[in-house]
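Since the structure comes first, as structure tokens, the remarks are kept for the end.
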Amino acid sequence: MKKSLIIANWKLNGNKYFINDYIKKLLYEINKNKINNVIIAPPLIYLQKIIEKLKNSNIKVCAQNVDINLFGAFTGEISVAMLKDIGVKYVLIGHSERRINHNENDEIIYKKFKIVKENNLIPILCIGETYNEKKNGKTKEVCYNQINYIIKKMGIKVLENCIIAYEPVWAIGKDISINYLEIQKIHKFIRSKIYLYDKKISKEIVIQYGGSVTDKNIKELLIQPDINGVLVGNSSLNFDIFLKIIKFSKNFQN
Ligand code: PEP
């Protein structure tokens, strides 16, 4: 069966009350419905609290960011060693909000990717084009270049046990209607490019979609052959909507 992974990216949202309520409901529903493909990406400050709450469950936890250094004089940063120390399994790398708001370029993203891989956590590499790039027919080129930057530096094997999230920048945080076939085409393109390097990796790699995902479009997305799950922002903050998404995704979990 096709793999599908659902990640809730809470971004800069949530508080103790929200977390207690959400995680209690999530644990109940996950057990009741036997769902095993959910990952939560809360703000860094709540990671440990959530990991403790989820310790007897199959829900995994993801950091939204990490520093390029392991330790030292880097005020305000969090290292991959620290994330590993508290039990984090996944790290978002290259989210467009970090590329844009924090000037993270391909070189910085590669360094983050590298340190995450070297420390045996799983990077979720976010890629995607801006609206102007799309308008100018550059979608495939941009996506390929963002992945290829890392492949060129580290070799194709680095994509083993890693996740790619195709997140067109123009679709993030909006409520736009999605062209499923267009998205499927891009996913297929990404997979076909990886195929040229390594057939096995291209078959096994999880390529998620992110951008304006809701309970209304989840079905059309997940039935596409090359979409292995979704990265959900806004809709993951509303528990009832997120529940509908994960319940539907159960049809595609391994
Ligand atoms: C995201 O931030 O990764 C995202 C996909 O956001 P949204 O679902 O709100 O578009």
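Chain labels A, B, ... are given in the sequence in which chains occur in the structure tokens; within each chain residues are numbered consecutively from 1, and ligands are likewise numbered from 1 in the order shown.
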
Close residues to ligand 1 using only C-alpha atoms and all ligand atoms, limit 6 Å, as a PyMOL selection string: chain A and resi 171-174+210-213+231-234

Keeping only C-alpha atoms, write the selected residues as a short mmCIF file (atom, residue, chain, number, x, y, z; two decimals), in the first residue's frame.
```cif
data_model
loop_
_atom_site.label_atom_id
_atom_site.label_comp_id
_atom_site.auth_asym_id
_atom_site.auth_seq_id
_atom_site.Cartn_x
_atom_site.Cartn_y
_atom_site.Cartn_z
CA ALA A 171 -0.10 27.94 -1.68
CA ILE A 172 1.12 28.18 1.91
CA GLY A 173 -1.11 29.73 4.55
CA LYS A 174 -3.87 30.49 2.03
CA GLY A 210 1.96 21.06 1.71
CA GLY A 211 -0.06 24.24 1.09
CA SER A 212 -3.75 24.96 1.82
CA VAL A 213 -4.47 21.35 2.81
CA LEU A 231 2.34 18.71 5.65
CA VAL A 232 -0.51 20.65 7.23
CA GLY A 233 -0.22 24.18 8.66
CA ASN A 234 -3.42 26.11 9.44
#
```

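Residues within 8 Å of His187 in chain A, counting only C-alpha atoms and excluding same-chain residues fewer than 3 positions away, are Tyr166, Ile183, Gln184, Ile190, Arg191, Ile207, Asp226 and Ile227 of chain A.
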
Can you spit out the residues from that selection as a PDB file, in the first residue's frame, using N, CA and C atoms?
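Result went into part-v4.pdb, see below:
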```pdb
ATOM      1  N   TYR A 166       6.943  18.873  -0.938  1.00  0.00           N
ATOM      2  CA  TYR A 166       6.760  19.879  -1.981  1.00  0.00           C
ATOM      3  C   TYR A 166       5.720  20.872  -1.491  1.00  0.00           C
ATOM      4  N   ILE A 183      -0.148  19.160  -9.074  1.00  0.00           N
ATOM      5  CA  ILE A 183       0.714  18.759  -7.949  1.00  0.00           C
ATOM      6  C   ILE A 183       1.258  17.349  -8.190  1.00  0.00           C
ATOM      7  N   GLN A 184       0.383  16.458  -8.625  1.00  0.00           N
ATOM      8  CA  GLN A 184       0.828  15.095  -8.931  1.00  0.00           C
ATOM      9  C   GLN A 184       1.961  15.127  -9.963  1.00  0.00           C
ATOM     10  N   ILE A 190       9.675  15.056  -9.566  1.00  0.00           N
ATOM     11  CA  ILE A 190      10.716  14.953  -8.532  1.00  0.00           C
ATOM     12  C   ILE A 190      11.185  13.490  -8.426  1.00  0.00           C
ATOM     13  N   ARG A 191      10.193  12.590  -8.399  1.00  0.00           N
ATOM     14  CA  ARG A 191      10.546  11.171  -8.284  1.00  0.00           C
ATOM     15  C   ARG A 191      11.360  10.708  -9.511  1.00  0.00           C
ATOM     16  N   ILE A 207       7.322  11.633  -0.559  1.00  0.00           N
ATOM     17  CA  ILE A 207       7.209  13.011  -1.069  1.00  0.00           C
ATOM     18  C   ILE A 207       5.830  13.526  -0.665  1.00  0.00           C
ATOM     19  N   ASP A 226       1.727   9.705  -6.584  1.00  0.00           N
ATOM     20  CA  ASP A 226       3.051  10.115  -6.100  1.00  0.00           C
ATOM     21  C   ASP A 226       3.006  11.043  -4.889  1.00  0.00           C
ATOM     22  N   ILE A 227       1.836  11.222  -4.297  1.00  0.00           N
ATOM     23  CA  ILE A 227       1.732  12.065  -3.094  1.00  0.00           C
ATOM     24  C   ILE A 227       1.652  11.148  -1.872  1.00  0.00           C
TER      25      ILE A 227
END
```

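If only C-alpha atoms are the atoms counted, then among A:Ile93, A:Ile201, A:Ile50, A:Leu221 the closest residue to Asn65 in chain A is A:Ile93.
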
message: Give me the residues near Ala63 in chain A as a list in words, where near means some atom within 8 Å (using only C-alpha atoms) and where sequence neighbours in that chain fewer than 5 positions away do not count.
response: Ala41, Pro42, Pro43, Leu44, Leu47, Leu83, Val88, Tyr90, Val91 and Leu92 of chain A

- line: With distances taken over only C-alpha atoms, the candidate from A:Leu26, A:Val142, A:Ala81, A:Ile100 nearest Asn120 in chain A is A:Ala81

message: Show me, as a PyMOL selection string, the residues that have an atom within 12 Å of Gly155 in chain A when counting only C-alpha atoms, minus same-chain residues fewer than 3 positions from it.
response: chain A and resi 110+114+147-152+158-160+194+197-198

field: DSSP helix (DSSP H, G or I) selection over range 14-127 of chain A, as a PyMOL selection string
entry: chain A and resi 16-33+44-53+80-86+96-101+106-118

May I have the residues from that selection written out with N, CA and C atoms, as a compact mmCIF listing (two decimals), in the first residue's frame?
```
# COMPACT_ATOMS: atom_id res chain seq x y z
N LYS A 16 0.04 26.17 26.70
CA LYS A 16 -0.11 24.97 27.52
C LYS A 16 -1.54 24.42 27.45
N TYR A 17 -2.51 25.31 27.48
CA TYR A 17 -3.90 24.87 27.46
C TYR A 17 -4.22 24.16 26.13
N PHE A 18 -3.83 24.80 25.05
CA PHE A 18 -4.07 24.22 23.71
C PHE A 18 -3.44 22.83 23.61
N ILE A 19 -2.21 22.72 24.07
CA ILE A 19 -1.48 21.45 23.95
C ILE A 19 -2.15 20.35 24.77
N ASN A 20 -2.49 20.66 26.02
CA ASN A 20 -3.10 19.62 26.88
C ASN A 20 -4.37 19.10 26.24
N ASP A 21 -5.20 20.02 25.78
CA ASP A 21 -6.47 19.65 25.20
C ASP A 21 -6.28 18.85 23.89
N TYR A 22 -5.43 19.35 23.02
CA TYR A 22 -5.20 18.77 21.69
C TYR A 22 -4.61 17.35 21.83
N ILE A 23 -3.57 17.24 22.64
CA ILE A 23 -2.87 15.95 22.73
C ILE A 23 -3.75 14.89 23.39
N LYS A 24 -4.56 15.32 24.37
CA LYS A 24 -5.48 14.37 24.99
C LYS A 24 -6.45 13.81 23.94
N LYS A 25 -7.02 14.70 23.15
CA LYS A 25 -7.98 14.26 22.12
C LYS A 25 -7.28 13.42 21.04
N LEU A 26 -6.07 13.86 20.68
CA LEU A 26 -5.34 13.15 19.63
C LEU A 26 -5.00 11.72 20.07
N LEU A 27 -4.53 11.56 21.28
CA LEU A 27 -4.18 10.22 21.79
C LEU A 27 -5.40 9.31 21.77
N TYR A 28 -6.52 9.85 22.21
CA TYR A 28 -7.75 9.06 22.24
C TYR A 28 -8.13 8.59 20.83
N GLU A 29 -8.12 9.51 19.88
CA GLU A 29 -8.55 9.20 18.52
C GLU A 29 -7.57 8.27 17.79
N ILE A 30 -6.28 8.49 18.04
CA ILE A 30 -5.25 7.67 17.39
C ILE A 30 -5.41 6.21 17.84
N ASN A 31 -5.63 6.02 19.13
CA ASN A 31 -5.81 4.65 19.65
C ASN A 31 -7.10 4.04 19.14
N LYS A 32 -8.16 4.83 19.23
CA LYS A 32 -9.47 4.32 18.82
C LYS A 32 -9.49 3.92 17.34
N ASN A 33 -8.87 4.75 16.51
CA ASN A 33 -8.94 4.52 15.06
C ASN A 33 -7.72 3.78 14.49
N LEU A 44 9.40 24.95 19.34
CA LEU A 44 10.50 24.26 20.04
C LEU A 44 10.30 24.18 21.56
N ILE A 45 9.78 25.25 22.13
CA ILE A 45 9.70 25.32 23.59
C ILE A 45 8.77 24.25 24.18
N TYR A 46 7.86 23.74 23.38
CA TYR A 46 6.91 22.73 23.88
C TYR A 46 7.29 21.30 23.49
N LEU A 47 8.41 21.13 22.80
CA LEU A 47 8.76 19.79 22.30
C LEU A 47 8.83 18.76 23.43
N GLN A 48 9.56 19.10 24.49
CA GLN A 48 9.79 18.10 25.54
C GLN A 48 8.48 17.71 26.23
N LYS A 49 7.67 18.70 26.52
CA LYS A 49 6.38 18.43 27.17
C LYS A 49 5.55 17.47 26.29
N ILE A 50 5.55 17.72 24.99
CA ILE A 50 4.74 16.88 24.10
C ILE A 50 5.34 15.48 23.97
N ILE A 51 6.65 15.40 23.91
CA ILE A 51 7.30 14.08 23.83
C ILE A 51 6.92 13.25 25.06
N GLU A 52 6.91 13.88 26.21
CA GLU A 52 6.54 13.14 27.43
C GLU A 52 5.10 12.65 27.35
N LYS A 53 4.23 13.50 26.88
CA LYS A 53 2.81 13.11 26.77
C LYS A 53 2.61 11.97 25.76
N VAL A 80 20.99 19.99 17.04
CA VAL A 80 20.42 18.68 16.76
C VAL A 80 20.74 17.70 17.90
N ALA A 81 21.88 17.90 18.56
CA ALA A 81 22.23 17.05 19.71
C ALA A 81 21.19 17.21 20.81
N MET A 82 20.74 18.44 21.00
CA MET A 82 19.72 18.71 22.04
C MET A 82 18.38 18.09 21.65
N LEU A 83 18.04 18.21 20.37
CA LEU A 83 16.78 17.62 19.90
C LEU A 83 16.80 16.11 20.10
N LYS A 84 17.93 15.51 19.76
CA LYS A 84 18.08 14.06 19.90
C LYS A 84 18.00 13.67 21.38
N ASP A 85 18.64 14.47 22.19
CA ASP A 85 18.68 14.22 23.64
C ASP A 85 17.28 14.11 24.25
N ILE A 86 16.33 14.90 23.74
CA ILE A 86 14.99 14.86 24.33
C ILE A 86 14.04 13.94 23.56
N SER A 96 9.65 27.40 3.61
CA SER A 96 9.73 28.68 2.90
C SER A 96 9.65 29.87 3.86
N GLU A 97 8.98 29.68 5.01
CA GLU A 97 8.93 30.80 5.97
C GLU A 97 10.32 31.08 6.55
N ARG A 98 11.15 30.06 6.60
CA ARG A 98 12.53 30.28 7.06
C ARG A 98 13.41 30.77 5.90
N ARG A 99 13.15 30.24 4.72
CA ARG A 99 13.93 30.73 3.57
C ARG A 99 13.68 32.22 3.40
N ILE A 100 12.41 32.65 3.55
CA ILE A 100 12.07 34.05 3.28
C ILE A 100 12.35 34.94 4.49
N ASN A 101 11.85 34.56 5.67
CA ASN A 101 11.95 35.46 6.83
C ASN A 101 13.32 35.44 7.50
N ASP A 106 20.23 27.97 -0.01
CA ASP A 106 20.49 26.54 -0.23
C ASP A 106 21.69 26.05 0.57
N GLU A 107 22.70 26.91 0.76
CA GLU A 107 23.90 26.50 1.49
C GLU A 107 23.58 26.27 2.98
N ILE A 108 22.81 27.18 3.55
CA ILE A 108 22.42 27.01 4.97
C ILE A 108 21.53 25.77 5.12
N ILE A 109 20.63 25.62 4.19
CA ILE A 109 19.70 24.46 4.25
C ILE A 109 20.48 23.16 4.12
N TYR A 110 21.46 23.15 3.24
CA TYR A 110 22.32 21.97 3.11
C TYR A 110 23.05 21.68 4.43
N LYS A 111 23.55 22.73 5.09
CA LYS A 111 24.28 22.51 6.35
C LYS A 111 23.36 21.95 7.43
N LYS A 112 22.14 22.44 7.46
CA LYS A 112 21.17 21.92 8.43
C LYS A 112 20.84 20.46 8.10
N PHE A 113 20.61 20.21 6.82
CA PHE A 113 20.29 18.86 6.36
C PHE A 113 21.42 17.90 6.78
N LYS A 114 22.65 18.35 6.55
CA LYS A 114 23.83 17.52 6.82
C LYS A 114 23.93 17.18 8.30
N ILE A 115 23.77 18.17 9.14
CA ILE A 115 23.94 17.92 10.58
C ILE A 115 22.81 17.03 11.11
N VAL A 116 21.64 17.16 10.54
CA VAL A 116 20.51 16.31 10.95
C VAL A 116 20.79 14.86 10.55
N LYS A 117 21.23 14.66 9.31
CA LYS A 117 21.53 13.30 8.84
C LYS A 117 22.68 12.69 9.63
N GLU A 118 23.73 13.47 9.85
CA GLU A 118 24.90 12.94 10.56
C GLU A 118 24.55 12.51 11.97
```

query: Hey, what's within 12 Å of Glu141 in chain A if we count only C-alpha atoms and toss same-chain stuff fewer than 3 positions away? As a PyMOL selection string, please?
result: chain A and resi 127-130+133-134+136-138+144-149+186+189-190+193

- line: Restricting to only C-alpha atoms, whichever of A:Ile241, A:Val38, A:Ile163, A:Ile59 is closest to Ala8 in chain A is A:Val38

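In this model, the gap between CA of Phe239 in chain A and CA of Asn36 in chain A comes to 16.9 Å.
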
query: Got a sec to tell me which of range 5-251 of chain A DSSP assigns to strand (DSSP E), as a PyMOL selection string?
result: chain A and resi 5-9+38-41+60-63+90-93+122-127+163-166+206-210+229-232

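Taking CA of Lys199 in chain A as the reference point, CA of Lys185 in chain A is found at 18.4 Å.
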
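Residues in contact with Val206 in chain A at up to 7 Å, not including ones fewer than 2 positions away on its chain and judged by only C-alpha atoms, are Ile163, Ile164, Glu204, Gln208 and Asn228 of chain A.
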
Got time to write the residues from that selection, N, CA, C and O atoms, as a compact mmCIF listing (two decimals), in the first residue's frame?
```txt
# COMPACT_ATOMS: atom_id res chain seq x y z
N ILE A 163 12.66 12.72 4.03
CA ILE A 163 11.35 13.06 3.47
C ILE A 163 11.48 14.36 2.68
O ILE A 163 12.19 15.27 3.11
N ILE A 164 10.80 14.41 1.54
CA ILE A 164 10.74 15.67 0.79
C ILE A 164 9.30 16.19 0.90
O ILE A 164 8.35 15.41 0.81
N GLU A 204 11.13 4.53 -2.90
CA GLU A 204 10.81 4.50 -1.46
C GLU A 204 10.65 5.86 -0.82
O GLU A 204 10.03 5.97 0.24
N GLN A 208 5.84 14.40 0.32
CA GLN A 208 4.58 14.96 0.82
C GLN A 208 4.22 16.22 0.06
O GLN A 208 5.09 16.86 -0.54
N ASN A 228 2.72 11.19 -1.06
CA ASN A 228 2.80 10.27 0.09
C ASN A 228 2.46 10.97 1.40
O ASN A 228 3.22 10.90 2.37
```
